[in-house]
Every structure is written in C-alpha cells, then in structure tokens.
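**Student:** My questions all concern the structure below.
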Amino acid sequence: MDAKDILGLPKNSFPAAQEKKPRPSKDSQRKPDGVSREVYALIGGMAPLMPSIEVSHLKKRPNSEKEKITWQWLPFTSSARTDNLQLYHWVRVVNGVPPTGDYSFAKYNKSVDVLRYTDEEYEKHLIDPMWTKEETDQLFDLCERFDLRFIVIADRFPSSRSVEELKSRYYSVTRSLLIARAPSASDVSGHPLVKETYNMVHEIERKRALSAVLSQTKQQERRDAEILAEAKRIMESRMASKSAEDAEMPVNPTGNETEKATAPAESVSPSTNIHPSSSTAALVTATTETASTPASLRMLRVFLRTHVLDQMVQAASSTAGLRTIKRVDQTLQDLGVHVKPKVPTKAVCAEHLELRKEILTLLNLQKQLQNKEAEASANRDGSYAEAPSTPKRTYRADVDRPFVPDSVGFGGERVGKRDHKRKASGRFIDAPPSPPQSKRPRKLKASD
C-alpha cells in the first residue's frame, strides 16, 4: 500500500495527458469562385455587404426559347413632319411582330406658338414707321419656322436688321396683340410679355459692356482688381469710423441732445397754435431711435428686433433683483400681456418696453410705501410706550458722558455687572447714578 491507496486516489495521476480529447471537426468552407484569396481572407467567410453573383450564373444564357427576336430594316413616318416623309431604320422585332405606333422621337418635337395677326389688327394696333408690313410678315414667318432662334432669323432675314431690332419688333407686336385681344388689361397683366417689356437700348448696352469685359487684358484685369480692393478698404474704414461715432453718442434719451432737440418745442407759447416743424420732429425721432438702440447693435446695421428688445429689457431690469423681475412678468401675465410680443414691430417693442418700465417703477413705489408705513407704525408705538417723565434720549456723539464709578459693597467688594445693569441702567445721561448696593447678609441656619 502507498499513499494513493490510503487516500483513495487512482494510480494514474495524469489522465488528461494520456487521453486526448477529440477536436471538433471544423466545417471546411470552400473559397467561392471569382473571389481572390486575399479578399476572402479579409472578409473571413462573412456575408458581403452587397449581393454577389456567381460567375456560373453569368455564363448561363437566358431562356430565349419562348421569344424569337430579330432585327429588321423597316420604314417609318413621324408625326413631327408635315410632308409625310417615309424613312427606314432598324427595328427590334419579337416573334415576327413589328412594333406599331408613332415614331419614338416624335414626342421631342416642340414648337413655339407664334401669334398671328390680321390686316385689320395690323392697321389698328401694329403700325410702326420703322417697319413695313412685308418685313413684319417675313419676321413672323421666320420666327415660326426657326422657333424664335433670333441668331438664325437675323442670318436669314432679307434686310440688314440686328438681332436686337428683330427682338424688339417681335415682342412689341406680340404684346400689343395680347392687350388688344384681352377683354380687360387686368386679364393679361400677369403675362410675361406684358409684365416685362423688352428694352432694346438696355440689351445693346449690356452686350457692349460684356464685350468690353471679355476683351480685357491681364493688366487691365489686375488694375481693376486693385481699384476694387482699394474701394472696399475705403468703404470699410468709413463704416468703422461711422460706427465709432455712433457708439460715442449718449444712450440715455434724457441727454443734452434730446434737451436741445426738444427746446424749440418747449419754447413755443401754449397760447399760439403753432406746431413744431417737421425737421424738429424728425430730429427728435432720430435721436430717440438712436438712444433706444444699444451701441453694440447699431454697429451691426442689420439685427433682429426681438434681440434688441431682450437686451433693452435686461438693461432696464439690471438694477432690479430676480424676484422683482419675476413680479414684473407675473404682472404682465395678470394684465393679459405676453411676456414677449408675438408681433415685434417697432411700435409694439417700444410700448412693451415702456410698460415694463412703468411696472418696475410701480413695484418700487409700493416697496417704498411699505417701508415708510412700517417706520411710521414703529414710531407711533414707541411714542405711546414712553412715560411723560422719561428723560429724552440723545444720540449725539459729541456729548461727553459722565464717569460713573463702579459700586462697591461691604468689605470692598464690587457689584457684578449683572446687578449693575439691572439696578442702574446707563442708557440715559441725565439719570443720576444709583447708590452703591451691598449684598444681603446670609441668614444663619440652626446648624450654624
């Protein structure tokens, strides 16, 4: 027997080393055809992001036993032509049945509807001393033939007319016809030819300016760029100086400028019916507007009025506490007024700001009134509590208080501060000092 038999252990102490566990067989994944070894190693057998098609499927020919497709040389006609011209082209024929219907490209044939006029309309509305009727007829024929391609029309026109002259004549005649045939002018007021008239002089000047720009040299372009940069720099410097001047103006509307502006109006006698001039009113309005807008926003030139209102409300409530601001908002809600105007126009914002200032002033006055009433009630209660023989109090610091020596009791003992305060108060100067107090002798007990 050995230790293993005593402990009941098996004699083979390393069973795992001799008995090898069988490894699970891995499912061998074969690399699909058409995928390189490197790509397959990267994806690791995962499904691709996009569906892949095997090469074997691509090599299969479609099942064409049911359909027999041939190409035939067949004639066709187009509805876009008015001469019924017959042409030939290759057509895909399925099972020996040729396609029917109109030519597939006939739908792209778009034409412009050119208005035509009668002799009576021409004599009544379309006479122009610079144009004859024959030239106008030729112009409209060419416009209808070439679909308002005025470059081609000018090339085919018999007389020497520029493109701008042809456009001006065509659009003026068409506009006159639209207005003459309409029951009322308001019916065709929205038509583009009636709404926007053709300006031949402006078109000629535009083309001349465009030609001058396109024919510039590199030196001229460089010089123009320098001039524009210098003009931009001058404009920015002027804007900066003007913004600085606006920022230096007083924001308080009760400043000297407002007083100077309102001085002529105040100097007018009330007995006369003379009103202040318009220039004075304009000056007062401009000063008020400048004063009511913060300097930081006046430099922006363009800003939201609601943003200005928020800043002005914060400036007006800067001296008030958070509780007072909440009371102002609660008062506005009690009055049925929105905390922020829904339609923040200039007049609405000014009235809203003025209302906030008045509510804030009212709350301050109410607070001061409560403080005064509390002081008055305190003084009234103090006057009733004092007796007629009570000496008057004095709060003057320059009056010398008399020296009051500490009271000495029997045996040279000093009276404590507690007894001194209870018996002889030093609040009043005129009151005489109390005589020295002595301790009461202790009463002897029977045991003593």
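By order of appearance in the structure tokens: chains A, B, ..., then residues from 1 within every chain, and ligands from 1 in the order shown.
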Please tabulate, as JSON lines, the residues of stretch 86-165 of chain A that come within 9 Å of stretch 76-80 of chain A, each with its closest pair of atoms and the distance in Å to one decimal, counting only C-alpha atoms and ordering rows by chain, then residue number upward.
**Tutor:**
```
{"residue": "A:Gln86", "atom": "CA", "partner": "A:Thr77", "partner_atom": "CA", "distance": 5.1}
{"residue": "A:Leu87", "atom": "CA", "partner": "A:Phe76", "partner_atom": "CA", "distance": 5.5}
{"residue": "A:Tyr88", "atom": "CA", "partner": "A:Phe76", "partner_atom": "CA", "distance": 5.9}
{"residue": "A:His89", "atom": "CA", "partner": "A:Phe76", "partner_atom": "CA", "distance": 7.5}
{"residue": "A:Asp102", "atom": "CA", "partner": "A:Ser78", "partner_atom": "CA", "distance": 6.4}
{"residue": "A:Tyr103", "atom": "CA", "partner": "A:Ser78", "partner_atom": "CA", "distance": 5.2}
{"residue": "A:Ser104", "atom": "CA", "partner": "A:Ser78", "partner_atom": "CA", "distance": 8.5}
{"residue": "A:Phe105", "atom": "CA", "partner": "A:Ser78", "partner_atom": "CA", "distance": 8.2}
{"residue": "A:Ala106", "atom": "CA", "partner": "A:Ala80", "partner_atom": "CA", "distance": 5.5}
{"residue": "A:Lys107", "atom": "CA", "partner": "A:Ala80", "partner_atom": "CA", "distance": 7.9}
{"residue": "A:Tyr108", "atom": "CA", "partner": "A:Ala80", "partner_atom": "CA", "distance": 8.7}
{"residue": "A:Asn109", "atom": "CA", "partner": "A:Ala80", "partner_atom": "CA", "distance": 6.1}
{"residue": "A:Lys110", "atom": "CA", "partner": "A:Ala80", "partner_atom": "CA", "distance": 8.8}
```
**Student:** So that I can check the secondary structure, give me every residue of stretch 55-180 of chain A assigned strand (DSSP E) by backbone DSSP, as a list in words.
**Tutor:**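 Matching residues, listed in order: Ile69, Thr70, Trp71, Gln72, Trp73, Leu74, Pro75, Phe76, Leu87, Tyr88, His89, Trp90, Val91, Arg92, Val93 and Val94 of chain A.
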**Student:** List the neighbours of A:Arg356 out to 10 Å using only C-alpha atoms; skip same-chain residues closer than 5 positions along the sequence, and give me the result as a ChimeraX atom specification.
**Tutor:** /A:313,316-317,325,328-329,331-332,339,351,361-362
**Student:** In Å to one decimal, how far is atom CA of A:Phe157 from atom CA of A:Glu196?
**Tutor:**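 Rounded to one decimal, the two atoms are 25.9 Å apart.
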**Student:** When you look at A:Cys349 with a cut-off of 12 Å (counting only C-alpha atoms), what residues show up, excluding the ones that are within fewer than 2 positions of it in the same chain? I need them as a VMD selection string.
**Tutor:** chain A and resid 289 292 to 293 304 to 313 338 to 347 351 to 356
**Student:** Applying 8 Å and only C-alpha atoms, which residues near A:Ile151 remain after dropping the ones on its own chain fewer than 3 positions away? List them as a ChimeraX atom specification.
**Tutor:** /A:154-155,163
**Student:** Taking only stretch 35-231 of chain A into account, list the residues labelled alpha helix (DSSP H) by DSSP (computed from the backbone), as a PyMOL selection string.
**Tutor:** chain A and resi 37-43+55-59+119-125+133-146+150-156+163-181+192-195+200-214+218-231
**Student:** Compile a residue-level contact table for stretch 164-234 of chain A against stretch 127-131 of chain A at a cut-off of 12 Å, reporting for every qualifying residue the shortest atom pair and its distance in Å to one decimal, with only C-alpha atoms counted, rows ordered by chain and ascending number, as CSV.
**Tutor:**
```
residue,atom,partner,partner_atom,distance
A:Glu165,CA,A:Met130,CA,10.1
A:Leu166,CA,A:Trp131,CA,10.3
A:Ser168,CA,A:Trp131,CA,11.2
A:Arg169,CA,A:Trp131,CA,8.3
A:Tyr170,CA,A:Trp131,CA,11.1
A:Ser172,CA,A:Asp128,CA,10.1
A:Val173,CA,A:Ile127,CA,9.2
A:Ser176,CA,A:Ile127,CA,10.6
A:Leu177,CA,A:Ile127,CA,12.0
```
